[in-house]
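What's in work-v2.cif: mmCIF, C-alpha atoms and all ligand atoms
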data_target
loop_
_atom_site.label_atom_id
_atom_site.label_comp_id
_atom_site.auth_asym_id
_atom_site.auth_seq_id
_atom_site.Cartn_x
_atom_site.Cartn_y
_atom_site.Cartn_z
CA ALA A 88 -10.73 -22.89 -103.39
CA LYS A 89 -12.13 -19.45 -102.49
CA GLN A 90 -9.87 -17.75 -99.91
CA MET A 91 -11.77 -16.10 -97.05
CA ASN A 92 -10.28 -14.08 -94.23
CA VAL A 93 -12.42 -15.51 -91.43
CA GLU A 94 -11.80 -15.22 -87.71
CA THR A 95 -12.75 -18.73 -86.60
CA ASP A 96 -12.19 -18.45 -82.87
CA ILE A 97 -14.36 -15.50 -81.76
CA ILE A 98 -15.02 -15.03 -78.07
CA THR A 99 -18.71 -14.39 -77.36
CA LEU A 100 -19.86 -12.80 -74.11
CA THR A 101 -21.30 -16.15 -73.02
CA ARG A 102 -17.98 -17.94 -73.57
CA PHE A 103 -16.05 -15.07 -71.94
CA ILE A 104 -18.20 -15.17 -68.79
CA LEU A 105 -17.80 -18.95 -68.45
CA GLU A 106 -14.01 -18.69 -68.94
CA GLU A 107 -13.73 -15.70 -66.57
CA GLN A 108 -15.85 -17.47 -63.95
CA GLN A 109 -13.48 -20.44 -64.02
CA HIS A 110 -10.26 -18.55 -63.41
CA VAL A 111 -11.31 -15.63 -61.22
CA ALA A 112 -14.04 -16.95 -59.01
CA PRO A 113 -13.89 -20.74 -58.79
CA SER A 114 -16.46 -20.52 -56.00
CA ALA A 115 -18.88 -18.80 -58.39
CA THR A 116 -22.02 -20.86 -58.63
CA GLY A 117 -22.77 -19.73 -62.17
CA GLU A 118 -25.64 -17.52 -61.03
CA LEU A 119 -23.89 -14.30 -62.12
CA SER A 120 -23.21 -15.93 -65.50
CA LEU A 121 -26.90 -16.77 -65.81
CA LEU A 122 -27.85 -13.23 -64.75
CA LEU A 123 -25.48 -11.77 -67.35
CA ASN A 124 -27.19 -13.89 -70.01
CA SER A 125 -30.56 -12.37 -69.07
CA LEU A 126 -28.94 -8.92 -69.10
CA GLN A 127 -27.52 -9.42 -72.57
CA PHE A 128 -30.96 -10.47 -73.86
CA ALA A 129 -32.36 -7.18 -72.52
CA PHE A 130 -29.60 -5.22 -74.30
CA LYS A 131 -30.25 -7.03 -77.61
CA PHE A 132 -34.00 -6.41 -77.39
CA ILE A 133 -33.56 -2.73 -76.43
CA ALA A 134 -31.04 -2.30 -79.29
CA HIS A 135 -33.58 -3.85 -81.67
CA ASN A 136 -36.30 -1.40 -80.55
CA ILE A 137 -33.99 1.62 -80.77
CA ARG A 138 -33.02 0.60 -84.30
CA ARG A 139 -36.73 0.42 -85.19
CA ALA A 140 -37.56 3.69 -83.39
CA GLU A 141 -37.30 5.97 -86.42
CA LEU A 142 -39.11 3.44 -88.60
CA VAL A 143 -42.19 2.77 -86.46
CA ASN A 144 -42.17 6.24 -84.97
CA LEU A 145 -41.50 4.96 -81.42
CA ILE A 146 -39.80 8.27 -80.79
CA GLY A 147 -41.82 10.49 -78.50
CA VAL A 148 -45.47 9.88 -77.78
CA SER A 149 -46.69 10.28 -81.31
CA GLY A 150 -50.26 10.28 -80.05
CA THR A 151 -51.16 7.70 -82.66
CA ALA A 152 -52.56 4.54 -81.10
CA ASN A 153 -51.05 1.25 -82.22
CA ALA A 154 -53.04 -1.89 -83.21
CA THR A 155 -54.15 -2.59 -79.65
CA GLY A 156 -55.32 0.98 -79.24
CA ASP A 157 -53.00 2.03 -76.41
CA THR A 158 -50.92 5.18 -76.88
CA GLN A 159 -47.45 4.37 -78.16
CA LYS A 160 -44.89 4.50 -75.38
CA LYS A 161 -41.69 6.48 -75.31
CA LEU A 162 -38.54 4.42 -75.68
CA ASP A 163 -37.54 4.90 -72.06
CA VAL A 164 -40.81 3.27 -70.95
CA ILE A 165 -40.23 0.40 -73.40
CA GLY A 166 -36.62 0.03 -72.22
CA ASP A 167 -37.78 -0.06 -68.60
CA GLU A 168 -40.46 -2.71 -69.30
CA ILE A 169 -38.00 -4.87 -71.29
CA PHE A 170 -35.48 -4.65 -68.45
CA ILE A 171 -37.98 -5.43 -65.69
CA ASN A 172 -39.35 -8.45 -67.61
CA ALA A 173 -35.84 -9.77 -68.39
CA MET A 174 -34.76 -9.44 -64.74
CA ARG A 175 -37.98 -11.01 -63.40
CA SER A 176 -37.78 -13.98 -65.78
CA SER A 177 -34.07 -14.55 -64.98
CA ASN A 178 -35.12 -15.95 -61.57
CA ASN A 179 -31.77 -14.61 -60.38
CA VAL A 180 -32.81 -11.09 -59.40
CA LYS A 181 -34.61 -10.33 -56.14
CA VAL A 182 -34.37 -6.53 -56.00
CA LEU A 183 -34.51 -4.01 -58.88
CA VAL A 184 -33.91 -0.24 -58.72
CA SER A 185 -34.78 1.59 -61.95
CA GLU A 186 -34.51 5.29 -62.76
CA GLU A 187 -38.01 4.94 -64.20
CA GLN A 188 -39.52 3.42 -61.02
CA GLU A 189 -40.12 5.63 -57.95
CA ASP A 190 -40.00 2.60 -55.63
CA LEU A 191 -37.81 -0.50 -55.34
CA ILE A 192 -39.19 -3.61 -57.07
CA ILE A 193 -38.97 -6.89 -55.12
CA PHE A 194 -39.59 -9.94 -57.33
CA GLU A 195 -41.21 -13.21 -56.23
CA GLY A 196 -38.86 -16.20 -56.44
CA GLY A 197 -35.42 -16.77 -55.02
CA GLY A 198 -32.98 -14.45 -56.76
CA LYS A 199 -29.69 -13.66 -55.04
CA TYR A 200 -28.91 -10.35 -56.79
CA ALA A 201 -29.98 -6.71 -56.62
CA VAL A 202 -29.77 -4.79 -59.92
CA CYS A 203 -29.69 -0.98 -60.24
CA THR A 204 -30.31 0.45 -63.70
CA ASP A 205 -31.01 3.44 -65.86
CA PRO A 206 -32.64 1.53 -68.73
CA ILE A 207 -32.31 4.27 -71.38
CA ASP A 208 -29.97 6.97 -70.09
CA GLY A 209 -29.87 10.09 -72.24
CA SER A 210 -33.30 9.36 -73.72
CA SER A 211 -34.04 13.10 -73.99
CA ASN A 212 -31.44 13.15 -76.81
CA ILE A 213 -32.72 10.15 -78.68
CA ASP A 214 -35.01 12.12 -81.03
CA ALA A 215 -31.83 13.74 -82.39
CA GLY A 216 -30.19 10.37 -83.06
CA VAL A 217 -27.63 10.82 -80.26
CA SER A 218 -26.23 7.60 -78.76
CA VAL A 219 -28.06 6.55 -75.59
CA GLY A 220 -27.39 3.63 -73.30
CA THR A 221 -28.41 1.25 -70.53
CA ILE A 222 -26.33 1.62 -67.34
CA PHE A 223 -26.34 -1.14 -64.68
CA GLY A 224 -24.76 -2.07 -61.35
CA ILE A 225 -25.21 -5.39 -59.50
CA TYR A 226 -24.98 -6.28 -55.79
CA ARG A 227 -25.24 -9.77 -54.31
CA LEU A 228 -27.94 -9.75 -51.62
CA LYS A 229 -26.53 -9.28 -48.11
CA GLU A 230 -26.05 -12.48 -46.09
CA GLY A 231 -29.44 -13.84 -45.05
CA SER A 232 -31.36 -11.07 -46.80
CA LYS A 233 -34.81 -11.81 -48.23
CA GLY A 234 -34.47 -8.78 -50.50
CA SER A 235 -34.95 -5.22 -49.24
CA ILE A 236 -33.75 -1.66 -49.66
CA ASN A 237 -30.79 -2.55 -47.42
CA ASP A 238 -29.40 -4.63 -50.28
CA VAL A 239 -28.83 -1.45 -52.33
CA LEU A 240 -28.17 1.39 -49.85
CA ARG A 241 -24.55 0.23 -49.72
CA LYS A 242 -21.07 1.39 -50.79
CA GLY A 243 -20.33 1.13 -54.49
CA THR A 244 -17.30 -0.99 -53.57
CA GLU A 245 -19.75 -3.81 -52.73
CA MET A 246 -20.97 -4.06 -56.36
CA VAL A 247 -19.93 -7.38 -57.97
CA CYS A 248 -20.57 -6.25 -61.56
CA ALA A 249 -21.24 -3.02 -63.46
CA GLY A 250 -21.28 -1.62 -66.96
CA TYR A 251 -23.25 -0.06 -69.76
CA THR A 252 -24.45 -0.85 -73.27
CA MET A 253 -24.27 2.11 -75.65
CA TYR A 254 -26.69 2.01 -78.59
CA GLY A 255 -24.74 3.81 -81.31
CA ALA A 256 -23.78 2.67 -84.83
CA SER A 257 -23.38 -0.71 -83.12
CA ALA A 258 -24.32 -1.79 -79.60
CA HIS A 259 -21.21 -1.64 -77.36
CA LEU A 260 -21.18 -3.35 -73.97
CA MET A 261 -18.49 -2.29 -71.46
CA LEU A 262 -18.42 -4.72 -68.54
CA THR A 263 -16.49 -5.27 -65.32
CA THR A 264 -16.90 -8.03 -62.72
CA GLY A 265 -14.07 -6.60 -60.61
CA TYR A 266 -11.23 -8.02 -62.74
CA GLY A 267 -10.64 -5.26 -65.27
CA VAL A 268 -12.88 -3.91 -68.08
CA ASN A 269 -13.80 -5.76 -71.27
CA GLY A 270 -15.62 -4.34 -74.31
CA PHE A 271 -18.03 -6.31 -76.48
CA THR A 272 -19.74 -5.39 -79.77
CA LEU A 273 -23.10 -6.84 -80.80
CA ASP A 274 -22.94 -8.76 -84.08
CA THR A 275 -26.57 -8.53 -85.14
CA GLN A 276 -26.25 -11.37 -87.69
CA LEU A 277 -24.95 -13.77 -85.03
CA GLY A 278 -27.05 -12.16 -82.27
CA GLU A 279 -23.95 -12.35 -80.07
CA PHE A 280 -21.86 -9.80 -78.18
CA ILE A 281 -18.27 -10.40 -79.40
CA LEU A 282 -15.17 -9.50 -77.33
CA THR A 283 -13.60 -6.54 -79.17
CA GLN A 284 -11.72 -4.61 -76.44
CA PRO A 285 -10.10 -7.04 -74.00
CA ASN A 286 -8.64 -5.65 -70.75
CA LEU A 287 -9.34 -2.00 -71.66
CA LYS A 288 -7.26 0.65 -69.87
CA ILE A 289 -7.97 4.41 -69.88
CA PRO A 290 -5.03 6.66 -70.93
CA ASN A 291 -3.39 8.24 -67.84
CA THR A 292 -3.79 11.79 -69.22
CA ARG A 293 -5.61 13.44 -72.14
CA SER A 294 -6.37 17.13 -72.75
CA ILE A 295 -10.14 16.71 -73.12
CA TYR A 296 -12.68 18.03 -70.61
CA SER A 297 -16.37 17.14 -70.71
CA VAL A 298 -18.82 19.31 -68.73
CA ASN A 299 -21.96 21.34 -69.45
CA GLU A 300 -20.59 24.90 -69.35
CA GLY A 301 -24.16 26.18 -69.52
CA ASN A 302 -24.15 25.66 -65.73
CA SER A 303 -20.95 27.65 -65.13
CA PHE A 304 -22.78 30.66 -63.64
CA TYR A 305 -23.80 28.35 -60.73
CA TRP A 306 -20.41 26.64 -60.20
CA PRO A 307 -18.29 27.19 -57.09
CA ASP A 308 -15.26 29.43 -57.72
CA TYR A 309 -12.71 26.57 -57.55
CA VAL A 310 -14.55 24.79 -60.41
CA LYS A 311 -14.65 27.99 -62.49
CA LYS A 312 -10.91 28.48 -61.89
CA TYR A 313 -10.04 24.88 -62.82
CA ILE A 314 -12.04 25.00 -66.09
CA GLU A 315 -10.70 28.49 -66.98
CA ASP A 316 -7.11 27.24 -66.50
CA LEU A 317 -7.78 24.32 -68.89
CA LYS A 318 -8.58 26.91 -71.57
CA LYS A 319 -5.08 28.43 -71.35
CA PRO A 320 -2.20 27.02 -73.46
CA GLN A 321 -0.68 24.15 -71.42
CA ASP A 322 2.97 23.02 -71.30
CA ASN A 323 2.55 21.70 -74.85
CA GLY A 324 1.41 25.16 -75.94
CA LYS A 325 -2.19 24.05 -76.55
CA PRO A 326 -5.40 24.47 -74.47
CA TYR A 327 -7.68 21.50 -73.65
CA SER A 328 -10.45 20.46 -76.07
CA ALA A 329 -14.09 20.60 -74.91
CA ARG A 330 -16.23 17.57 -75.77
CA TYR A 331 -19.77 17.25 -74.34
CA VAL A 332 -22.49 15.07 -75.88
CA GLY A 333 -25.01 15.42 -73.05
CA SER A 334 -25.65 11.66 -72.98
CA MET A 335 -23.62 10.19 -70.10
CA VAL A 336 -22.98 6.84 -71.76
CA ALA A 337 -21.62 8.55 -74.91
CA ASP A 338 -19.43 10.93 -72.87
CA ILE A 339 -18.13 8.13 -70.65
CA HIS A 340 -17.47 5.81 -73.63
CA ARG A 341 -15.31 8.51 -75.28
CA THR A 342 -13.54 9.20 -71.95
CA LEU A 343 -12.74 5.50 -71.41
CA LEU A 344 -11.35 5.11 -74.94
CA TYR A 345 -9.58 8.47 -75.41
CA GLY A 346 -8.96 9.60 -71.81
CA GLY A 347 -9.75 13.03 -70.33
CA ILE A 348 -12.08 14.16 -67.53
CA PHE A 349 -15.89 14.12 -67.34
CA SER A 350 -17.89 16.00 -64.74
CA TYR A 351 -21.37 16.86 -63.63
CA PRO A 352 -20.47 19.12 -60.68
CA ALA A 353 -22.73 20.02 -57.78
CA ASP A 354 -23.64 23.72 -58.02
CA THR A 355 -25.86 26.36 -56.37
CA LYS A 356 -28.77 25.25 -58.61
CA SER A 357 -28.35 21.50 -57.95
CA LYS A 358 -26.58 21.05 -54.61
CA ASN A 359 -25.99 17.32 -55.25
CA GLY A 360 -25.45 17.63 -58.99
CA LYS A 361 -27.74 15.78 -61.40
CA LEU A 362 -26.39 12.24 -61.78
CA ARG A 363 -27.82 9.44 -59.62
CA ILE A 364 -25.47 7.55 -57.34
CA LEU A 365 -26.79 3.98 -57.63
CA TYR A 366 -27.30 3.65 -61.39
CA GLU A 367 -25.16 6.36 -62.97
CA CYS A 368 -22.25 7.32 -60.65
CA PHE A 369 -21.42 3.91 -59.09
CA PRO A 370 -21.38 1.82 -62.32
CA MET A 371 -19.30 4.43 -64.22
CA ALA A 372 -16.98 4.88 -61.22
CA MET A 373 -16.39 1.10 -60.97
CA LEU A 374 -15.64 0.92 -64.73
CA MET A 375 -13.23 3.89 -64.52
CA GLU A 376 -11.32 2.47 -61.53
CA GLN A 377 -11.14 -1.00 -63.12
CA ALA A 378 -9.75 0.64 -66.30
CA GLY A 379 -7.06 2.42 -64.24
CA GLY A 380 -8.88 5.75 -63.86
CA ARG A 381 -10.48 7.49 -60.86
CA ALA A 382 -13.91 8.78 -59.79
CA ILE A 383 -14.43 11.35 -57.02
CA ASN A 384 -17.15 13.69 -55.78
CA ASP A 385 -16.91 17.50 -55.42
CA LYS A 386 -15.11 17.13 -52.09
CA GLY A 387 -12.48 14.82 -53.57
CA GLU A 388 -13.91 11.72 -51.84
CA ARG A 389 -13.91 8.40 -53.71
CA ILE A 390 -17.36 7.91 -55.30
CA LEU A 391 -17.38 4.16 -54.59
CA ASP A 392 -16.94 4.79 -50.83
CA MET A 393 -20.19 6.79 -50.63
CA ILE A 394 -23.37 5.27 -49.15
CA PRO A 395 -26.64 6.56 -50.68
CA LYS A 396 -29.50 7.31 -48.24
CA GLY A 397 -32.18 6.98 -50.90
CA ILE A 398 -32.33 4.90 -54.09
CA HIS A 399 -32.51 8.03 -56.31
CA ASP A 400 -29.89 10.10 -54.44
CA LYS A 401 -27.58 12.23 -56.59
CA SER A 402 -23.93 13.27 -56.29
CA GLY A 403 -21.57 15.65 -58.02
CA ILE A 404 -19.02 13.55 -59.93
CA TRP A 405 -15.58 13.96 -61.54
CA LEU A 406 -14.19 10.90 -63.32
CA GLY A 407 -11.65 9.86 -65.97
CA SER A 408 -7.88 9.68 -66.42
CA LYS A 409 -5.93 9.38 -63.17
CA GLY A 410 -3.58 12.23 -64.17
CA GLU A 411 -6.49 14.56 -64.96
CA ILE A 412 -8.27 13.84 -61.67
CA GLU A 413 -5.02 14.44 -59.73
CA LYS A 414 -4.75 17.83 -61.48
CA PHE A 415 -8.37 18.74 -60.58
CA VAL A 416 -7.91 17.70 -56.93
CA THR A 417 -5.28 20.45 -56.46
CA TYR A 418 -8.08 23.04 -57.05
CA ILE A 419 -10.56 21.66 -54.49
CA LYS A 420 -11.19 24.14 -51.66
P1 LIG B 1 -27.40 18.29 -68.92
C1 LIG B 1 -29.21 12.75 -69.71
O1 LIG B 1 -30.43 13.40 -69.49
C2 LIG B 1 -28.43 12.76 -68.40
O2 LIG B 1 -29.10 12.09 -67.40
C3 LIG B 1 -27.05 12.13 -68.64
O3 LIG B 1 -27.12 11.13 -69.60
C4 LIG B 1 -26.22 13.31 -69.09
O4 LIG B 1 -24.85 13.19 -68.76
C5 LIG B 1 -26.84 14.48 -68.32
O5 LIG B 1 -28.18 14.10 -68.02
C6 LIG B 1 -26.84 15.73 -69.16
O6 LIG B 1 -27.40 16.76 -68.37
O7 LIG B 1 -27.93 19.10 -67.77
O8 LIG B 1 -25.96 18.62 -69.25
O9 LIG B 1 -28.28 18.28 -70.14
#
Output the file's structure as structure tokens, nothing else.
Amino acid sequence: AKQMNVETDIITLTRFILEEQQHVAPSATGELSLLLNSLQFAFKFIAHNIRRAELVNLIGVSGTANATGDTQKKLDVIGDEIFINAMRSSNNVKVLVSEEQEDLIIFEGGGKYAVCTDPIDGSSNIDAGVSVGTIFGIYRLKEGSKGSINDVLRKGTEMVCAGYTMYGASAHLMLTTGYGVNGFTLDTQLGEFILTQPNLKIPNTRSIYSVNEGNSFYWPDYVKKYIEDLKKPQDNGKPYSARYVGSMVADIHRTLLYGGIFSYPADTKSKNGKLRILYECFPMAMLMEQAGGRAINDKGERILDMIPKGIHDKSGIWLGSKGEIEKFVTYIK
């Protein structure tokens, strides 16, 4: 008989969620599991459209009208529409904050969750084929809430789930529900996210720093000093390596897997930095902490303890390996 090397007991995201729900939150009513199924549909559909982007010229507003005559949309608009439709039809989401939507969206129906998302983060890079991603963070509505802005202007520590899907050579989903970080890879033949990186932990140190040095003229002196010192030969005789993609999901994915430190500091040009608290800083901070790393702001305060005043508020952020953050903290004035 033909011998085949076949893994016959793969763990799909659906199976993983059901198993995790049983042993970590017996009280879970299955609603988060259902919500995660709607989320994974959105990721599959966005991945499909990104794959097609080059082919059907979805990149940029090509100006050519499609069959129905409307101007073709940029991918970030398509990603936002896919996400909104998937969350609305889940009947589990009451409140949605999207980077693409100025105002909060409150859905009809009885959802018990508030979702914060950047549907296609890094989209400015997509025309160059750089990996982009969907970032998301999920709150359960506050007790007795009918769904309002008060369900999302809360500490990041109150998020029940967070993660991202990076659309690279494959689609990679990194997910935490508060019990560690697990990585899944989309098998397009099966149409399933398969568990590929169980219980992922970030290395405690790594000589890689990831920051846009084009902003260094505007940095505070303590940041300049810290980065300059990384460029000197360290105890091992070698300086740090600089790695900056300019797409947060790609930079965070590398940092989670290899270790190191990522930052978008506040500076004199952008006094609160550039990255948004609710759907960029909080989800990545929760992932980093759950993987054994840390995430702080420019004053050294824990990102997840911050409370945003507005749904698009920004914060300076430093995150990554615990050892690298501890080193940076000694420079904070
Ligand atoms: P800069 C992409 O536009 C983004 O929002 C993040 O994905 C990325 O980390 C950051 O901005 C890059 O900003 O100013 O370095 O180009």
Give as number ranges by chain the residues surrounding ligand LIG 1 (chain B) up to a distance of 12 Å, considering only C-alpha atoms and all ligand atoms.
A: 163, 186-187, 205-213, 217-222, 251, 253, 297-303, 330-340, 349-354, 356-357, 360-364, 366-368, 371, 401, 403-405
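Between atom CA of Ala249 of chain A and atom CA of Pro370 of chain A lies a distance of 5.0 Å.
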Of the candidates A:Ile419, A:Ala256, A:Leu287, A:Met174, which shows the shortest atom-to-atom distance to Asp274 of chain A, using all atoms listed in the file?
A:Ala256
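One finds atom CA of Leu240 of chain A at 6.2 Å from atom CA of Ile394 of chain A.
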Calculate how many Å separate atom CA of Ala329 of chain A from atom CA of Met373 of chain A, rounding to one decimal.
24.1 Å
For segment 121-137 of chain A, list every protein, DNA or RNA residue within 6 Å, evaluated using all atoms listed in the file, and leave out those in the same chain fewer than 3 positions away; present the list as JSON, numbers by chain.
{"A": [118, 140, 166, 170, 173, 177]}
Residue with the minimum atom-to-atom distance to Arg341 of chain A, picked from A:Gly397, A:Gly117, A:Gly234, A:Gly407 with only C-alpha atoms counted, is A:Gly407
Given the choices A:Glu413, A:Glu195, A:Asp385, A:Asp167, which gets closest to Asn179 of chain A if the distance is worked out from all atoms listed in the file?
A:Glu195
Between A:Leu119, A:Leu344, A:Val310, A:Ala378, which one has atoms that come closest to Thr417 of chain A, using all atoms listed in the file?
A:Val310
Taking all atoms listed in the file into account, which of A:Met375, A:Gln284, A:Ile398, A:Phe223 comes nearest Gln188 of chain A?
A:Ile398
Restricting to only C-alpha atoms, whichever of A:Ser294, A:Asn384, A:Thr101, A:Asn286 is closest to Glu411 of chain A is A:Ser294
